[in-house]
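Printed here is model15.txt (compact mmCIF, N, CA and C atoms):
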```txt
# COMPACT_ATOMS: atom_id res chain seq x y z
N MET X 1 -1.42 -1.17 17.69
CA MET X 1 -1.42 -1.39 16.25
C MET X 1 -1.74 -0.07 15.56
N TYR X 2 -1.23 0.01 14.35
CA TYR X 2 -1.39 1.23 13.57
C TYR X 2 -1.68 0.83 12.13
N GLY X 3 -2.62 1.50 11.53
CA GLY X 3 -3.00 1.13 10.17
C GLY X 3 -2.91 2.30 9.21
N LEU X 4 -2.89 1.93 7.94
CA LEU X 4 -2.92 2.91 6.86
C LEU X 4 -3.87 2.40 5.79
N ILE X 5 -4.59 3.32 5.20
CA ILE X 5 -5.29 3.05 3.96
C ILE X 5 -4.61 3.94 2.94
N ILE X 6 -4.08 3.32 1.90
CA ILE X 6 -3.40 4.07 0.85
C ILE X 6 -4.18 3.87 -0.44
N GLU X 7 -4.64 4.99 -1.00
CA GLU X 7 -5.42 4.95 -2.23
C GLU X 7 -4.59 5.52 -3.37
N HIS X 8 -4.45 4.75 -4.42
CA HIS X 8 -3.75 5.18 -5.63
C HIS X 8 -4.79 5.35 -6.73
N ARG X 9 -4.82 6.50 -7.35
CA ARG X 9 -5.66 6.72 -8.54
C ARG X 9 -4.73 6.67 -9.73
N THR X 10 -4.98 5.73 -10.64
CA THR X 10 -4.14 5.60 -11.81
C THR X 10 -4.66 6.47 -12.95
N LEU X 11 -3.82 6.67 -13.91
CA LEU X 11 -4.26 7.24 -15.16
C LEU X 11 -5.22 6.24 -15.79
N PRO X 12 -6.14 6.68 -16.63
CA PRO X 12 -7.11 5.76 -17.22
C PRO X 12 -6.45 4.55 -17.87
N GLY X 13 -6.91 3.37 -17.46
CA GLY X 13 -6.43 2.12 -18.04
C GLY X 13 -5.06 1.66 -17.56
N LYS X 14 -4.49 2.29 -16.54
CA LYS X 14 -3.13 1.95 -16.09
C LYS X 14 -3.09 1.10 -14.82
N ARG X 15 -4.24 0.64 -14.34
CA ARG X 15 -4.24 -0.13 -13.09
C ARG X 15 -3.43 -1.41 -13.22
N ASP X 16 -3.53 -2.12 -14.33
CA ASP X 16 -2.77 -3.36 -14.49
C ASP X 16 -1.27 -3.09 -14.54
N ALA X 17 -0.86 -1.99 -15.15
CA ALA X 17 0.56 -1.62 -15.18
C ALA X 17 1.06 -1.32 -13.77
N LEU X 18 0.23 -0.64 -12.99
CA LEU X 18 0.59 -0.35 -11.60
C LEU X 18 0.72 -1.65 -10.81
N ARG X 19 -0.17 -2.57 -11.04
CA ARG X 19 -0.13 -3.86 -10.34
C ARG X 19 1.17 -4.60 -10.63
N LYS X 20 1.68 -4.54 -11.85
CA LYS X 20 2.95 -5.20 -12.18
C LYS X 20 4.10 -4.61 -11.38
N VAL X 21 4.10 -3.30 -11.21
CA VAL X 21 5.15 -2.65 -10.41
C VAL X 21 5.01 -3.10 -8.96
N TRP X 22 3.77 -3.14 -8.45
CA TRP X 22 3.53 -3.57 -7.07
C TRP X 22 3.99 -5.02 -6.88
N ASP X 23 3.63 -5.90 -7.81
CA ASP X 23 4.03 -7.31 -7.71
C ASP X 23 5.54 -7.46 -7.62
N ALA X 24 6.26 -6.70 -8.42
CA ALA X 24 7.71 -6.82 -8.48
C ALA X 24 8.41 -6.25 -7.25
N LEU X 25 7.90 -5.13 -6.73
CA LEU X 25 8.62 -4.43 -5.66
C LEU X 25 8.00 -4.57 -4.29
N MET X 26 6.69 -4.42 -4.20
CA MET X 26 6.06 -4.35 -2.89
C MET X 26 5.74 -5.71 -2.29
N GLN X 27 5.23 -6.62 -3.09
CA GLN X 27 4.85 -7.92 -2.53
C GLN X 27 6.02 -8.58 -1.79
N PRO X 28 7.22 -8.64 -2.37
CA PRO X 28 8.33 -9.25 -1.63
C PRO X 28 8.71 -8.46 -0.37
N ALA X 29 8.68 -7.13 -0.45
CA ALA X 29 9.04 -6.31 0.71
C ALA X 29 8.03 -6.48 1.84
N ILE X 30 6.76 -6.55 1.50
CA ILE X 30 5.72 -6.73 2.51
C ILE X 30 5.82 -8.12 3.14
N ALA X 31 6.01 -9.13 2.31
CA ALA X 31 6.12 -10.50 2.81
C ALA X 31 7.30 -10.65 3.78
N ALA X 32 8.36 -9.90 3.55
CA ALA X 32 9.56 -10.00 4.39
C ALA X 32 9.52 -9.12 5.63
N ASN X 33 8.49 -8.30 5.76
CA ASN X 33 8.42 -7.34 6.88
C ASN X 33 7.62 -7.92 8.03
N PRO X 34 8.27 -8.28 9.13
CA PRO X 34 7.55 -8.85 10.27
C PRO X 34 6.63 -7.85 10.97
N ASP X 35 6.82 -6.56 10.71
CA ASP X 35 5.97 -5.53 11.33
C ASP X 35 4.66 -5.32 10.59
N HIS X 36 4.51 -5.93 9.40
CA HIS X 36 3.22 -5.91 8.70
C HIS X 36 2.36 -7.03 9.29
N ILE X 37 1.39 -6.66 10.07
CA ILE X 37 0.50 -7.65 10.69
C ILE X 37 -0.52 -8.12 9.68
N SER X 38 -1.00 -7.20 8.86
CA SER X 38 -2.02 -7.52 7.86
C SER X 38 -1.86 -6.56 6.69
N TYR X 39 -2.19 -7.06 5.49
CA TYR X 39 -2.06 -6.22 4.29
C TYR X 39 -3.04 -6.74 3.25
N ALA X 40 -3.85 -5.86 2.70
CA ALA X 40 -4.78 -6.23 1.63
C ALA X 40 -4.58 -5.27 0.46
N TYR X 41 -4.22 -5.82 -0.67
CA TYR X 41 -4.07 -5.05 -1.91
C TYR X 41 -5.36 -5.26 -2.67
N SER X 42 -6.09 -4.18 -2.95
CA SER X 42 -7.48 -4.33 -3.39
C SER X 42 -7.83 -3.48 -4.61
N PHE X 43 -8.69 -4.04 -5.45
CA PHE X 43 -9.33 -3.32 -6.53
C PHE X 43 -10.79 -3.12 -6.14
N GLY X 44 -11.30 -1.94 -6.38
CA GLY X 44 -12.70 -1.66 -6.11
C GLY X 44 -13.48 -1.51 -7.40
N PRO X 45 -14.67 -0.97 -7.31
CA PRO X 45 -15.51 -0.84 -8.49
C PRO X 45 -15.00 0.19 -9.50
N ASP X 46 -14.19 1.15 -9.07
CA ASP X 46 -13.61 2.13 -9.98
C ASP X 46 -12.37 1.50 -10.62
N ALA X 47 -12.34 1.38 -11.92
CA ALA X 47 -11.26 0.69 -12.64
C ALA X 47 -9.92 1.40 -12.56
N ASP X 48 -9.89 2.61 -12.03
CA ASP X 48 -8.65 3.36 -11.95
C ASP X 48 -8.20 3.62 -10.51
N VAL X 49 -8.66 2.79 -9.58
CA VAL X 49 -8.29 2.96 -8.18
C VAL X 49 -7.77 1.64 -7.61
N VAL X 50 -6.69 1.75 -6.84
CA VAL X 50 -6.15 0.64 -6.07
C VAL X 50 -6.10 1.11 -4.62
N ILE X 51 -6.56 0.26 -3.71
CA ILE X 51 -6.53 0.60 -2.29
C ILE X 51 -5.78 -0.49 -1.53
N ALA X 52 -4.82 -0.05 -0.73
CA ALA X 52 -4.09 -0.96 0.13
C ALA X 52 -4.48 -0.66 1.57
N PHE X 53 -4.93 -1.70 2.28
CA PHE X 53 -5.22 -1.59 3.71
C PHE X 53 -4.09 -2.31 4.44
N GLN X 54 -3.44 -1.60 5.33
CA GLN X 54 -2.25 -2.14 6.00
C GLN X 54 -2.36 -1.97 7.51
N VAL X 55 -1.93 -2.99 8.23
CA VAL X 55 -1.85 -2.89 9.68
C VAL X 55 -0.42 -3.25 10.08
N TYR X 56 0.15 -2.38 10.90
CA TYR X 56 1.52 -2.53 11.37
C TYR X 56 1.53 -2.74 12.88
N SER X 57 2.65 -3.20 13.38
CA SER X 57 2.79 -3.39 14.83
C SER X 57 2.79 -2.06 15.58
N SER X 58 3.22 -0.99 14.90
CA SER X 58 3.27 0.32 15.56
C SER X 58 3.31 1.43 14.51
N GLN X 59 3.09 2.66 14.96
CA GLN X 59 3.19 3.80 14.07
C GLN X 59 4.63 3.96 13.58
N THR X 60 5.59 3.68 14.43
CA THR X 60 7.00 3.75 14.06
C THR X 60 7.31 2.77 12.94
N ALA X 61 6.75 1.57 13.02
CA ALA X 61 6.97 0.56 11.98
C ALA X 61 6.35 1.00 10.65
N ALA X 62 5.18 1.62 10.72
CA ALA X 62 4.53 2.11 9.50
C ALA X 62 5.37 3.20 8.85
N GLN X 63 5.85 4.13 9.64
CA GLN X 63 6.67 5.21 9.10
C GLN X 63 7.97 4.67 8.53
N ALA X 64 8.56 3.69 9.19
CA ALA X 64 9.79 3.10 8.68
C ALA X 64 9.56 2.45 7.32
N PHE X 65 8.41 1.79 7.16
CA PHE X 65 8.14 1.16 5.87
C PHE X 65 7.91 2.20 4.78
N LEU X 66 7.25 3.30 5.10
CA LEU X 66 7.01 4.35 4.12
C LEU X 66 8.32 5.04 3.70
N ASN X 67 9.37 4.86 4.48
CA ASN X 67 10.68 5.41 4.14
C ASN X 67 11.65 4.33 3.65
N HIS X 68 11.16 3.10 3.53
CA HIS X 68 12.00 1.97 3.11
C HIS X 68 12.37 2.12 1.62
N PRO X 69 13.57 1.74 1.24
CA PRO X 69 13.98 1.85 -0.17
C PRO X 69 13.02 1.15 -1.15
N SER X 70 12.44 0.04 -0.77
CA SER X 70 11.50 -0.66 -1.66
C SER X 70 10.27 0.20 -1.94
N TYR X 71 9.74 0.85 -0.90
CA TYR X 71 8.56 1.69 -1.09
C TYR X 71 8.92 2.94 -1.91
N LEU X 72 10.06 3.52 -1.63
CA LEU X 72 10.48 4.71 -2.37
C LEU X 72 10.72 4.36 -3.85
N ASP X 73 11.28 3.19 -4.10
CA ASP X 73 11.47 2.73 -5.48
C ASP X 73 10.12 2.49 -6.15
N TYR X 74 9.19 1.91 -5.41
CA TYR X 74 7.84 1.69 -5.93
C TYR X 74 7.19 3.02 -6.32
N LEU X 75 7.31 4.02 -5.46
CA LEU X 75 6.74 5.34 -5.78
C LEU X 75 7.35 5.91 -7.06
N ALA X 76 8.65 5.78 -7.20
CA ALA X 76 9.32 6.31 -8.39
C ALA X 76 8.88 5.57 -9.65
N GLN X 77 8.82 4.23 -9.57
CA GLN X 77 8.47 3.45 -10.75
C GLN X 77 6.98 3.49 -11.07
N SER X 78 6.15 3.78 -10.08
CA SER X 78 4.71 3.82 -10.32
C SER X 78 4.25 5.19 -10.81
N ARG X 79 5.06 6.21 -10.63
CA ARG X 79 4.68 7.59 -10.97
C ARG X 79 4.12 7.72 -12.39
N PRO X 80 4.68 7.07 -13.43
CA PRO X 80 4.12 7.23 -14.78
C PRO X 80 2.71 6.68 -14.95
N HIS X 81 2.26 5.86 -13.99
CA HIS X 81 0.94 5.25 -14.08
C HIS X 81 -0.11 5.95 -13.23
N LEU X 82 0.32 6.91 -12.41
CA LEU X 82 -0.58 7.54 -11.44
C LEU X 82 -1.07 8.91 -11.88
N ALA X 83 -2.29 9.23 -11.47
CA ALA X 83 -2.89 10.53 -11.76
C ALA X 83 -2.47 11.58 -10.73
N GLY X 84 -1.85 11.15 -9.63
CA GLY X 84 -1.42 12.06 -8.58
C GLY X 84 -0.77 11.29 -7.46
N ASP X 85 -0.45 11.98 -6.39
CA ASP X 85 0.16 11.34 -5.23
C ASP X 85 -0.84 10.40 -4.55
N PRO X 86 -0.34 9.35 -3.91
CA PRO X 86 -1.24 8.48 -3.15
C PRO X 86 -1.91 9.26 -2.02
N LYS X 87 -3.14 8.90 -1.72
CA LYS X 87 -3.86 9.46 -0.59
C LYS X 87 -3.65 8.49 0.58
N ILE X 88 -3.08 8.99 1.67
CA ILE X 88 -2.76 8.14 2.82
C ILE X 88 -3.63 8.56 3.99
N THR X 89 -4.39 7.59 4.51
CA THR X 89 -5.24 7.82 5.68
C THR X 89 -4.71 6.98 6.84
N PRO X 90 -4.26 7.62 7.94
CA PRO X 90 -3.79 6.86 9.10
C PRO X 90 -4.96 6.36 9.94
N LEU X 91 -4.75 5.21 10.57
CA LEU X 91 -5.77 4.59 11.41
C LEU X 91 -5.15 4.15 12.73
N ASP X 92 -5.83 4.45 13.83
CA ASP X 92 -5.44 3.92 15.13
C ASP X 92 -6.24 2.64 15.33
N VAL X 93 -5.66 1.50 14.94
CA VAL X 93 -6.39 0.23 14.96
C VAL X 93 -6.63 -0.21 16.40
N GLN X 94 -7.88 -0.41 16.74
CA GLN X 94 -8.27 -0.80 18.09
C GLN X 94 -8.44 -2.30 18.26
N TRP X 95 -8.78 -2.97 17.16
CA TRP X 95 -9.00 -4.43 17.22
C TRP X 95 -8.82 -4.98 15.81
N LEU X 96 -8.25 -6.15 15.70
CA LEU X 96 -8.05 -6.81 14.42
C LEU X 96 -8.30 -8.30 14.60
N LYS X 97 -9.16 -8.85 13.79
CA LYS X 97 -9.40 -10.29 13.85
C LYS X 97 -8.15 -11.01 13.36
N PRO X 98 -7.66 -11.96 14.13
CA PRO X 98 -6.45 -12.68 13.70
C PRO X 98 -6.71 -13.51 12.45
N ALA X 99 -5.65 -13.69 11.65
CA ALA X 99 -5.74 -14.54 10.47
C ALA X 99 -5.97 -15.99 10.89
N ALA X 100 -6.65 -16.72 10.03
CA ALA X 100 -6.95 -18.13 10.35
C ALA X 100 -5.72 -18.97 10.24
```
Structure translated into structure tokens:
Amino acid sequence: MYGLIIEHRTLPGKRDALRKVWDALMQPAIAANPDHISYAYSFGPDADVVIAFQVYSSQTAAQAFLNHPSYLDYLAQSRPHLAGDPKITPLDVQWLKPAA
């Protein structure tokens, strides 16, 4: 298994606008991707940060998704709401509790 933590810092007050882009483009693409084992789209205490925790079946599957047209479209449409490029942290997932 292979994981990613992707952190998006939005421009002040633009987190909800970013969420609308994610809802329209990413949620359907993630739901349709059998290589996404787990995915959490999260808001933290900072009102201008969104963090996505993702687990894939393999590193190849993660890279394929990052090059998928839906993700590339999301990056293009989210750009006006972001303060910079997403911060991507790769993870070598050793264990994952199965979903109930």
Inset, instruction - Can you list, as a PyMOL selection string, all residues belonging to chain X that DSSP tags as helix (DSSP H, G or I)? - result: chain X and resi 15-31+59-66+69-81
Legend entry - Nearest-residue call for X:Ala17, choices X:Ala64, X:Ser78, X:Asp92, X:Ala83, using all atoms listed in the file: X:Ser78
Do a neighbour search on X:Tyr71 at 7 Å with only N, CA and C atoms, toss out local chain neighbours closer than 6 positions, and write the hits as a short mmCIF file (atom, residue, chain, number, x, y, z; two decimals) with N, CA and C atoms, in the coordinates of the input.
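Written file, selection.cif:
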```
data_model
loop_
_atom_site.label_atom_id
_atom_site.label_comp_id
_atom_site.auth_asym_id
_atom_site.auth_seq_id
_atom_site.Cartn_x
_atom_site.Cartn_y
_atom_site.Cartn_z
N LEU X 25 7.90 -5.13 -6.73
CA LEU X 25 8.62 -4.43 -5.66
C LEU X 25 8.00 -4.57 -4.29
N MET X 26 6.69 -4.42 -4.20
CA MET X 26 6.06 -4.35 -2.89
C MET X 26 5.74 -5.71 -2.29
N PHE X 65 8.41 1.79 7.16
CA PHE X 65 8.14 1.16 5.87
C PHE X 65 7.91 2.20 4.78
#
```
Inset, instruction - Grab the atom CA of X:Met1 to atom CA of X:Leu91 distance for me, in Å with one decimal place. - result: 8.8 Å
Inset, instruction - Would you please work out which residue, of X:Arg19, X:Asp35, X:Val49, X:Ile5, is nearest to X:Ala62 when using all atoms listed in the file? - result: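 Nearest candidate to X:Ala62 out of X:Arg19, X:Asp35, X:Val49, X:Ile5: X:Asp35.
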Legend entry - Spatial neighbours of X:His8, max dist 6.5 Å, all atoms listed in the file, sep filter under 5 positions, as a list of chain:residue names: X:Asp48, X:Val49, X:Val50, X:Ile51, X:Ala52, X:Asp85, X:Pro86, X:Lys87
Inset, instruction - Output as an MDAnalysis selection string all residues of chain X that backbone DSSP marks as strand (DSSP E or B). - result: chainID X and resid 2:10 36:43 49:56 82 87:91
Legend entry - Å distance separating atom N of X:Pro12 from atom CA of X:Ala47, one decimal place: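 So the two atoms, atom N of X:Pro12 and atom CA of X:Ala47, lie 8.8 Å apart.
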Inset, instruction - Choose the residue, out of X:Ala24, X:Leu82, X:Leu72, X:Ile37, that has the smallest atom-to-atom separation from X:Phe53; count only C-alpha atoms. - result: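 Of X:Ala24, X:Leu82, X:Leu72, X:Ile37, the one nearest X:Phe53 is X:Ile37, counting only C-alpha atoms.
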Inset, instruction - Please indicate the distance in Å from atom CA of X:Leu4 to atom C of X:Pro80, rounded to one decimal place. - result: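 Result for atom CA of X:Leu4 versus atom C of X:Pro80: 22.8 Å, one decimal.
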Output as AutoDock Vina command-line options the centre and edge lengths (Å, one decimal) of the box along x, y and z of the file that holds every listed atom of stretch 65-76 of chain X after adding 8 Å on each side.
```
--center_x 10.4 --center_y 2.8 --center_z -1.2 --size_x 23.2 --size_y 23.0 --size_z 32.8
```
